[in-house]
Each structure stands twice: as structure tokens, then as C-alpha cells.
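See below for the structure under consideration.
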Amino acid sequence: MKTLFKGSYSKIFILIICLFCSLNSIFAQGYAVEFKKKQTDSLKQDVVYLYINPKLYFSNPKIDKIQRFDALDEDIQKELLAKYSPISNKINDSIIINMFSTQLIKYLESYNFKVISSKPEDFPKKLDQRHHTLNVAQIELEEFSFEDSLVSNEYNKEYSHKKTLNGVRFNTWLLYNESDTTSKLLFFNNEEAKDYLEGFVYFKNKEPFVWYKKTTITPNDAYKVAYQNAITSSQYFFNFLMNKYVWIKSNSTDTNYYSMDPKTKIIYSSPEPSDNFDIIEQ
């Protein structure tokens, strides 16, 4: 009887734990849904004071390695930029910044945040759970090179055909609640486009031959990655604020990470972070 009683007690205890965990998960999921729903109420929605630095910085390792580049004759600079920086040399700074800014505001508002454009010096000094500041402090267009290869292994001999390819990244650094010593964070986000190499190596009379096709990026890809960065930055910021809300509401007990599909608006939970910013330690 004692053994039976202990066994029954154990099963009941496990059942209670499972039920408690399930209820806790349901409540946490409910907090995430609650956060999404409250954005549709003008009296409860989150307010984002937003500043976007209008300056675009450029980065290119090949140009950066040229000593005293700025001191060179203008004609030489143009020649070097045309050779080593074909993407950033052909884009319009103000157009790409305006496009990024317009799309970032548009997509933040698509999550039903109230967005107020403001300069950092005009940000509110005191913040509560509904009010936030976001300073897109630095924006950079980065050109880079990388190596890809086509490999074949025949006749017990490996043959590799290497090609140097190019890519472009749109990088953003975003300061959250920078005037608040307890909650300020530095976020980082980037989007990139790269040349694409496809092909194969074949042997004829034991001699290697290569067939390949390279799809090369164009200046238009710089605008595309800037546009995409605005989309993902707004998505990541929504996810961040949603998880912050759940964390506070659950009294710091919920360890799941919540993310919302931007198209379906369905909220998912995961034990590992997904669809979120990189956080840079300051």
C-alpha cells in the first residue's frame, strides 16, 4: 500500500508540475498577445521618439588601406573609387538615407507604435514602460570582398578554382533609451548582398576544366539592403519591446523568447532568441 501510495503521489506531483508549467507558458504567451493588442489602443500603445542620423558613412578595406587617401588628387581619388568601390561610388547618399528613414518609420507604424520624430536633445528625460527613445546613431554602407571556390575531387586529386567576389552591407547602430542609465542598450543590425558564383569543375583527359557563371551585385543592391534593414530593424525592435513587456509582466520568470511573424502577425515562442538585434556592450 505504501508503495502504491508513493507511486500515485509521485504521479500527481508530476502532473501538478506539468500543469503549472503549462499554465505559466500560457500566461506568458498571453502577455505577448496582450502587448500586440494594446498597440491598437491609442491610450495604451507604445510611443517611440525616433532620431535618424542623416549622415552616411562608407567603409571599404581596399580604400581604407590606401595611406592618406584624402590627400590624393581628386582625379586619382575618383579613379581609385571607380576601381575599388564601384557600389558606393555610384549611389546617392541622400536618397538611400531618405529611403531607409521613410521605410523605418513606415514599418514601425505598421506595428501600431506611435512614432514621433525628434532630435536626441529633445528626447524626454523621464521614460516609463510605454515611452521609448531610439537613436539610429550611425549608418554605414560597407563594401567588402570574399573568396569563393568551385571544388572537384577526382582521380584522387582535389582541384579548387578560386574567385574573389564582392559584397555590400548596410549597417546600423541604434541607441535605445540612451539617457536612461538602467535600460540603455546599443543595438546593431546589418543586411548584405553578395556576388553569387555557380559552376563546376570537370576533367578531360585528367586535365581540369572549369565552367562557372557569376552574378554580380549592382548599385541597386545597396538600396535593396538599406530597404531590408529598415524592415528587419522595425521587426527586431517590436520583438525586443514585446519580450521586455513579457519579462516585466511575468516578474522575470519567463525565460522564453517571443517573436512575431511580420506577415501573418502570429506570435511564436522559442527557448533561444530569434529575429533580434545584436547587442553591443558599451
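The chains in the C-alpha cells are called A, B, ... from first to last as shown; in each chain the residues are counted from 1, and the ligands are counted from 1 in the order shown.
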
Practice problem: Do a neighbour search on Glu154 in chain A at 9 Å with only C-alpha atoms, toss out local chain neighbours closer than 5 positions, and write the hits as a ChimeraX atom specification. | Solution: /A:159,202-203,206

Quiz item: Using only C-alpha atoms, which residues sit within 8 Å of range 44-47 of chain A once same-chain residues fewer than 4 positions away are excluded, as a PyMOL selection string?
Solution: chain A and resi 38-40+112-116+130-132

Practice problem: Name the residues of range 31-105 of chain A that fall into alpha helix (DSSP H) according to DSSP on the backbone, using the chain letters and numbers of this document, as an MDAnalysis selection string. | Solution: chainID A and resid 31:38 61:64 74:84 93:105

Please produce a file of the residues just selected, as a tab-separated table (two decimals), in the first residue's frame, where the atoms kept are N, CA, C and O atoms.
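See selection_25.tsv below for the written result:
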chain	number	residue	atom	x	y	z
A	31	TYR	N	0.74	37.31	-22.29
A	31	TYR	CA	1.34	38.63	-22.14
A	31	TYR	C	1.87	39.14	-23.49
A	31	TYR	O	1.77	40.33	-23.79
A	32	ALA	N	2.43	38.24	-24.29
A	32	ALA	CA	2.92	38.63	-25.62
A	32	ALA	C	1.76	39.09	-26.50
A	32	ALA	O	1.86	40.10	-27.20
A	33	VAL	N	0.66	38.33	-26.46
A	33	VAL	CA	-0.54	38.71	-27.23
A	33	VAL	C	-1.11	40.02	-26.70
A	33	VAL	O	-1.55	40.88	-27.47
A	34	GLU	N	-1.07	40.18	-25.40
A	34	GLU	CA	-1.56	41.41	-24.77
A	34	GLU	C	-0.77	42.61	-25.25
A	34	GLU	O	-1.34	43.69	-25.52
A	35	PHE	N	0.55	42.44	-25.37
A	35	PHE	CA	1.39	43.52	-25.86
A	35	PHE	C	1.00	43.91	-27.29
A	35	PHE	O	0.91	45.10	-27.61
A	36	LYS	N	0.78	42.91	-28.12
A	36	LYS	CA	0.39	43.18	-29.51
A	36	LYS	C	-0.94	43.92	-29.57
A	36	LYS	O	-1.10	44.90	-30.31
A	37	LYS	N	-1.90	43.46	-28.77
A	37	LYS	CA	-3.24	44.05	-28.81
A	37	LYS	C	-3.27	45.47	-28.27
A	37	LYS	O	-4.03	46.32	-28.77
A	38	LYS	N	-2.46	45.75	-27.26
A	38	LYS	CA	-2.51	47.07	-26.66
A	38	LYS	C	-2.00	48.17	-27.59
A	38	LYS	O	-2.29	49.35	-27.39
A	61	PRO	N	37.65	48.15	-47.11
A	61	PRO	CA	39.01	47.80	-46.70
A	61	PRO	C	40.08	48.17	-47.73
A	61	PRO	O	41.18	48.58	-47.35
A	62	LYS	N	39.74	48.05	-49.00
A	62	LYS	CA	40.73	48.36	-50.04
A	62	LYS	C	41.08	49.85	-50.05
A	62	LYS	O	42.23	50.23	-50.22
A	63	ILE	N	40.05	50.69	-49.89
A	63	ILE	CA	40.28	52.13	-49.85
A	63	ILE	C	40.92	52.52	-48.52
A	63	ILE	O	41.83	53.37	-48.47
A	64	ASP	N	40.46	51.90	-47.44
A	64	ASP	CA	40.98	52.24	-46.10
A	64	ASP	C	42.47	51.95	-45.98
A	64	ASP	O	43.16	52.59	-45.18
A	74	GLU	N	42.10	64.80	-56.60
A	74	GLU	CA	40.70	64.41	-56.77
A	74	GLU	C	40.53	63.42	-57.91
A	74	GLU	O	39.75	62.45	-57.80
A	75	ASP	N	41.27	63.61	-58.99
A	75	ASP	CA	41.16	62.69	-60.13
A	75	ASP	C	41.63	61.29	-59.76
A	75	ASP	O	41.05	60.29	-60.18
A	76	ILE	N	42.70	61.22	-58.96
A	76	ILE	CA	43.22	59.92	-58.53
A	76	ILE	C	42.23	59.25	-57.59
A	76	ILE	O	42.00	58.05	-57.67
A	77	GLN	N	41.63	60.05	-56.70
A	77	GLN	CA	40.61	59.51	-55.80
A	77	GLN	C	39.45	58.90	-56.59
A	77	GLN	O	38.99	57.80	-56.29
A	78	LYS	N	38.98	59.62	-57.58
A	78	LYS	CA	37.86	59.13	-58.39
A	78	LYS	C	38.23	57.85	-59.11
A	78	LYS	O	37.41	56.93	-59.21
A	79	GLU	N	39.47	57.78	-59.61
A	79	GLU	CA	39.92	56.59	-60.32
A	79	GLU	C	39.98	55.38	-59.38
A	79	GLU	O	39.54	54.28	-59.75
A	80	LEU	N	40.49	55.60	-58.18
A	80	LEU	CA	40.58	54.51	-57.20
A	80	LEU	C	39.20	54.07	-56.72
A	80	LEU	O	38.93	52.88	-56.54
A	81	LEU	N	38.30	55.04	-56.51
A	81	LEU	CA	36.94	54.72	-56.08
A	81	LEU	C	36.19	53.93	-57.15
A	81	LEU	O	35.45	52.98	-56.85
A	82	ALA	N	36.40	54.32	-58.41
A	82	ALA	CA	35.73	53.60	-59.50
A	82	ALA	C	36.21	52.16	-59.60
A	82	ALA	O	35.46	51.26	-59.94
A	83	LYS	N	37.50	51.95	-59.25
A	83	LYS	CA	38.09	50.62	-59.36
A	83	LYS	C	37.75	49.75	-58.16
A	83	LYS	O	37.38	48.57	-58.31
A	84	TYR	N	37.89	50.32	-56.95
A	84	TYR	CA	37.78	49.51	-55.74
A	84	TYR	C	36.45	49.68	-54.99
A	84	TYR	O	36.15	48.90	-54.09
A	93	ASP	N	23.80	59.49	-51.62
A	93	ASP	CA	23.74	59.42	-50.15
A	93	ASP	C	22.36	59.80	-49.62
A	93	ASP	O	21.77	59.08	-48.80
A	94	SER	N	21.85	60.93	-50.06
A	94	SER	CA	20.60	61.44	-49.50
A	94	SER	C	19.42	60.55	-49.87
A	94	SER	O	18.51	60.35	-49.05
A	95	ILE	N	19.44	59.97	-51.07
A	95	ILE	CA	18.34	59.11	-51.48
A	95	ILE	C	18.29	57.84	-50.63
A	95	ILE	O	17.23	57.43	-50.16
A	96	ILE	N	19.46	57.22	-50.41
A	96	ILE	CA	19.47	55.97	-49.66
A	96	ILE	C	19.12	56.21	-48.18
A	96	ILE	O	18.40	55.40	-47.56
A	97	ILE	N	19.54	57.35	-47.61
A	97	ILE	CA	19.19	57.67	-46.23
A	97	ILE	C	17.70	57.97	-46.11
A	97	ILE	O	17.01	57.50	-45.19
A	98	ASN	N	17.17	58.76	-47.05
A	98	ASN	CA	15.75	59.09	-47.02
A	98	ASN	C	14.89	57.85	-47.19
A	98	ASN	O	13.84	57.71	-46.54
A	99	MET	N	15.33	56.94	-48.06
A	99	MET	CA	14.57	55.72	-48.27
A	99	MET	C	14.56	54.87	-47.00
A	99	MET	O	13.51	54.37	-46.58
A	100	PHE	N	15.73	54.71	-46.38
A	100	PHE	CA	15.81	53.95	-45.13
A	100	PHE	C	14.94	54.59	-44.06
A	100	PHE	O	14.18	53.89	-43.35
A	101	SER	N	15.02	55.90	-43.91
A	101	SER	CA	14.28	56.60	-42.87
A	101	SER	C	12.77	56.47	-43.07
A	101	SER	O	12.03	56.17	-42.13
A	102	THR	N	12.33	56.67	-44.31
A	102	THR	CA	10.91	56.57	-44.62
A	102	THR	C	10.38	55.18	-44.32
A	102	THR	O	9.30	55.01	-43.73
A	103	GLN	N	11.14	54.16	-44.72
A	103	GLN	CA	10.68	52.79	-44.52
A	103	GLN	C	10.72	52.38	-43.05
A	103	GLN	O	9.84	51.66	-42.58
A	104	LEU	N	11.72	52.86	-42.32
A	104	LEU	CA	11.80	52.52	-40.89
A	104	LEU	C	10.58	53.06	-40.15
A	104	LEU	O	9.95	52.35	-39.36
A	105	ILE	N	10.23	54.30	-40.41
A	105	ILE	CA	9.05	54.90	-39.78
A	105	ILE	C	7.79	54.16	-40.22
A	105	ILE	O	6.92	53.84	-39.39

Practice problem: From the DSSP assignment of the backbone, select every residue of range 41-168 of chain A that is strand (DSSP E), and format the answer as a ChimeraX atom specification. | Solution: /A:47-52,56-59,114-117,131-154,157-168

Excluding Lys125 in chain A and its own-chain neighbours fewer than 3 positions away, which residues fall within 10 Å of it when counting only C-alpha atoms? Please give them as a PDB file with C-alpha atoms, in the first residue's frame.
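Contents of the output file result_32.pdb:
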ATOM      1  CA  GLU A 121      18.411  66.706 -27.239  1.00  0.00           C
ATOM      2  CA  ASP A 122      14.610  66.909 -27.347  1.00  0.00           C
ATOM      3  CA  THR A 133      13.696  56.632 -27.400  1.00  0.00           C
ATOM      4  CA  ASN A 177      16.884  54.858 -24.126  1.00  0.00           C
ATOM      5  CA  GLU A 178      20.358  56.383 -24.128  1.00  0.00           C
ATOM      6  CA  SER A 179      19.520  58.863 -21.349  1.00  0.00           C
ATOM      7  CA  ASP A 180      18.325  56.080 -19.039  1.00  0.00           C
TER       8      ASP A 180
END

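The closest residue to Asn256 in chain A, picked from A:Ala193, A:Leu186, A:Val201, A:Met242 and counting only C-alpha atoms, is A:Met242.
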
Quiz item: Using only C-alpha atoms, which residues sit within 12 Å of Gln228 in chain A once same-chain residues fewer than 2 positions away are excluded, as an NGL selection string?
Solution: :A and (96 or 99-101 or 103-104 or 107 or 169-172 or 189-193 or 221-226 or 230-235)

Just N, CA, C and O atoms for this one: save the residues we selected as a JSON list (two decimals), in the first residue's frame.
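What ended up in out.json:
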[["chain", "number", "residue", "atom", "x", "y", "z"],
["A", 96, "ILE", "N", 19.46, 57.22, -50.41],
["A", 96, "ILE", "CA", 19.47, 55.97, -49.66],
["A", 96, "ILE", "C", 19.12, 56.21, -48.18],
["A", 96, "ILE", "O", 18.40, 55.40, -47.56],
["A", 99, "MET", "N", 15.33, 56.94, -48.06],
["A", 99, "MET", "CA", 14.57, 55.72, -48.27],
["A", 99, "MET", "C", 14.56, 54.87, -47.00],
["A", 99, "MET", "O", 13.51, 54.37, -46.58],
["A", 100, "PHE", "N", 15.73, 54.71, -46.38],
["A", 100, "PHE", "CA", 15.81, 53.95, -45.13],
["A", 100, "PHE", "C", 14.94, 54.59, -44.06],
["A", 100, "PHE", "O", 14.18, 53.89, -43.35],
["A", 101, "SER", "N", 15.02, 55.90, -43.91],
["A", 101, "SER", "CA", 14.28, 56.60, -42.87],
["A", 101, "SER", "C", 12.77, 56.47, -43.07],
["A", 101, "SER", "O", 12.03, 56.17, -42.13],
["A", 103, "GLN", "N", 11.14, 54.16, -44.72],
["A", 103, "GLN", "CA", 10.68, 52.79, -44.52],
["A", 103, "GLN", "C", 10.72, 52.38, -43.05],
["A", 103, "GLN", "O", 9.84, 51.66, -42.58],
["A", 104, "LEU", "N", 11.72, 52.86, -42.32],
["A", 104, "LEU", "CA", 11.80, 52.52, -40.89],
["A", 104, "LEU", "C", 10.58, 53.06, -40.15],
["A", 104, "LEU", "O", 9.95, 52.35, -39.36],
["A", 107, "TYR", "N", 7.39, 51.06, -41.22],
["A", 107, "TYR", "CA", 7.25, 49.71, -40.65],
["A", 107, "TYR", "C", 7.09, 49.73, -39.14],
["A", 107, "TYR", "O", 6.42, 48.86, -38.57],
["A", 169, "ARG", "N", 27.17, 45.75, -47.58],
["A", 169, "ARG", "CA", 26.37, 45.67, -46.36],
["A", 169, "ARG", "C", 25.83, 47.05, -45.99],
["A", 169, "ARG", "O", 26.52, 48.06, -46.18],
["A", 170, "PHE", "N", 24.64, 47.04, -45.43],
["A", 170, "PHE", "CA", 24.08, 48.26, -44.85],
["A", 170, "PHE", "C", 24.00, 48.04, -43.35],
["A", 170, "PHE", "O", 23.24, 47.19, -42.88],
["A", 171, "ASN", "N", 24.85, 48.76, -42.60],
["A", 171, "ASN", "CA", 24.97, 48.57, -41.16],
["A", 171, "ASN", "C", 24.31, 49.71, -40.40],
["A", 171, "ASN", "O", 24.47, 50.88, -40.78],
["A", 172, "THR", "N", 23.61, 49.38, -39.32],
["A", 172, "THR", "CA", 23.01, 50.41, -38.48],
["A", 172, "THR", "C", 23.31, 50.14, -37.01],
["A", 172, "THR", "O", 23.28, 49.00, -36.55],
["A", 189, "ASN", "N", 22.42, 46.10, -36.39],
["A", 189, "ASN", "CA", 21.74, 45.30, -37.40],
["A", 189, "ASN", "C", 22.41, 45.52, -38.74],
["A", 189, "ASN", "O", 22.87, 46.63, -39.04],
["A", 190, "ASN", "N", 22.51, 44.47, -39.54],
["A", 190, "ASN", "CA", 23.03, 44.65, -40.90],
["A", 190, "ASN", "C", 22.33, 43.72, -41.87],
["A", 190, "ASN", "O", 21.81, 42.67, -41.50],
["A", 191, "GLU", "N", 22.31, 44.14, -43.12],
["A", 191, "GLU", "CA", 21.79, 43.33, -44.22],
["A", 191, "GLU", "C", 22.82, 43.40, -45.34],
["A", 191, "GLU", "O", 23.46, 44.43, -45.54],
["A", 192, "GLU", "N", 22.97, 42.30, -46.07],
["A", 192, "GLU", "CA", 24.00, 42.28, -47.10],
["A", 192, "GLU", "C", 23.54, 41.61, -48.38],
["A", 192, "GLU", "O", 22.58, 40.83, -48.40],
["A", 193, "ALA", "N", 24.22, 41.96, -49.46],
["A", 193, "ALA", "CA", 24.04, 41.30, -50.75],
["A", 193, "ALA", "C", 25.43, 40.97, -51.28],
["A", 193, "ALA", "O", 26.38, 41.74, -51.09],
["A", 221, "ASP", "N", 21.60, 47.09, -55.53],
["A", 221, "ASP", "CA", 21.59, 46.21, -54.37],
["A", 221, "ASP", "C", 21.85, 46.97, -53.07],
["A", 221, "ASP", "O", 21.41, 46.55, -51.99],
["A", 222, "ALA", "N", 22.55, 48.10, -53.15],
["A", 222, "ALA", "CA", 22.78, 48.92, -51.95],
["A", 222, "ALA", "C", 21.46, 49.47, -51.44],
["A", 222, "ALA", "O", 21.22, 49.51, -50.23],
["A", 223, "TYR", "N", 20.61, 49.91, -52.36],
["A", 223, "TYR", "CA", 19.29, 50.41, -51.96],
["A", 223, "TYR", "C", 18.43, 49.28, -51.41],
["A", 223, "TYR", "O", 17.66, 49.48, -50.46],
["A", 224, "LYS", "N", 18.56, 48.09, -51.98],
["A", 224, "LYS", "CA", 17.77, 46.95, -51.52],
["A", 224, "LYS", "C", 18.12, 46.56, -50.09],
["A", 224, "LYS", "O", 17.23, 46.28, -49.28],
["A", 225, "VAL", "N", 19.43, 46.54, -49.76],
["A", 225, "VAL", "CA", 19.81, 46.14, -48.41],
["A", 225, "VAL", "C", 19.46, 47.22, -47.40],
["A", 225, "VAL", "O", 19.17, 46.92, -46.22],
["A", 226, "ALA", "N", 19.46, 48.48, -47.82],
["A", 226, "ALA", "CA", 19.02, 49.57, -46.93],
["A", 226, "ALA", "C", 17.52, 49.42, -46.64],
["A", 226, "ALA", "O", 17.08, 49.57, -45.48],
["A", 230, "ALA", "N", 15.67, 48.45, -42.87],
["A", 230, "ALA", "CA", 14.56, 49.17, -42.23],
["A", 230, "ALA", "C", 13.47, 48.19, -41.80],
["A", 230, "ALA", "O", 12.90, 48.33, -40.71],
["A", 231, "ILE", "N", 13.19, 47.19, -42.64],
["A", 231, "ILE", "CA", 12.16, 46.20, -42.32],
["A", 231, "ILE", "C", 12.56, 45.37, -41.10],
["A", 231, "ILE", "O", 11.78, 45.22, -40.15],
["A", 232, "THR", "N", 13.77, 44.82, -41.13],
["A", 232, "THR", "CA", 14.19, 43.95, -40.02],
["A", 232, "THR", "C", 14.42, 44.75, -38.74],
["A", 232, "THR", "O", 14.15, 44.24, -37.65],
["A", 233, "SER", "N", 14.90, 45.98, -38.84],
["A", 233, "SER", "CA", 15.10, 46.79, -37.64],
["A", 233, "SER", "C", 13.79, 47.05, -36.93],
["A", 233, "SER", "O", 13.71, 47.00, -35.69],
["A", 234, "SER", "N", 12.73, 47.35, -37.68],
["A", 234, "SER", "CA", 11.42, 47.57, -37.07],
["A", 234, "SER", "C", 10.89, 46.28, -36.45],
["A", 234, "SER", "O", 10.31, 46.29, -35.36],
["A", 235, "GLN", "N", 11.09, 45.15, -37.14],
["A", 235, "GLN", "CA", 10.65, 43.85, -36.62],
["A", 235, "GLN", "C", 11.40, 43.51, -35.33],
["A", 235, "GLN", "O", 10.79, 43.09, -34.33]]

Quiz item: Could you pull the residues within 9 Å of Pro271 in chain A, counting only C-alpha atoms, minus those fewer than 4 positions along the same chain, as a list in words?
Solution: Thr255, Asn256, Tyr257 and Tyr258 of chain A

Export of the given selection (N, CA and C atoms) as a short mmCIF file (atom, residue, chain, number, x, y, z; two decimals), in the first residue's frame:
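Writing done, so here's selection-v5.cif:
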data_model
loop_
_atom_site.label_atom_id
_atom_site.label_comp_id
_atom_site.auth_asym_id
_atom_site.auth_seq_id
_atom_site.Cartn_x
_atom_site.Cartn_y
_atom_site.Cartn_z
N THR A 255 11.38 32.61 -19.32
CA THR A 255 12.68 32.56 -19.99
C THR A 255 12.56 32.29 -21.49
N ASN A 256 11.34 32.20 -22.00
CA ASN A 256 11.16 32.01 -23.44
C ASN A 256 11.40 33.31 -24.18
N TYR A 257 11.64 33.17 -25.48
CA TYR A 257 11.80 34.35 -26.33
C TYR A 257 10.65 34.36 -27.32
N TYR A 258 10.00 35.53 -27.47
CA TYR A 258 8.83 35.64 -28.33
C TYR A 258 9.16 36.49 -29.56
#
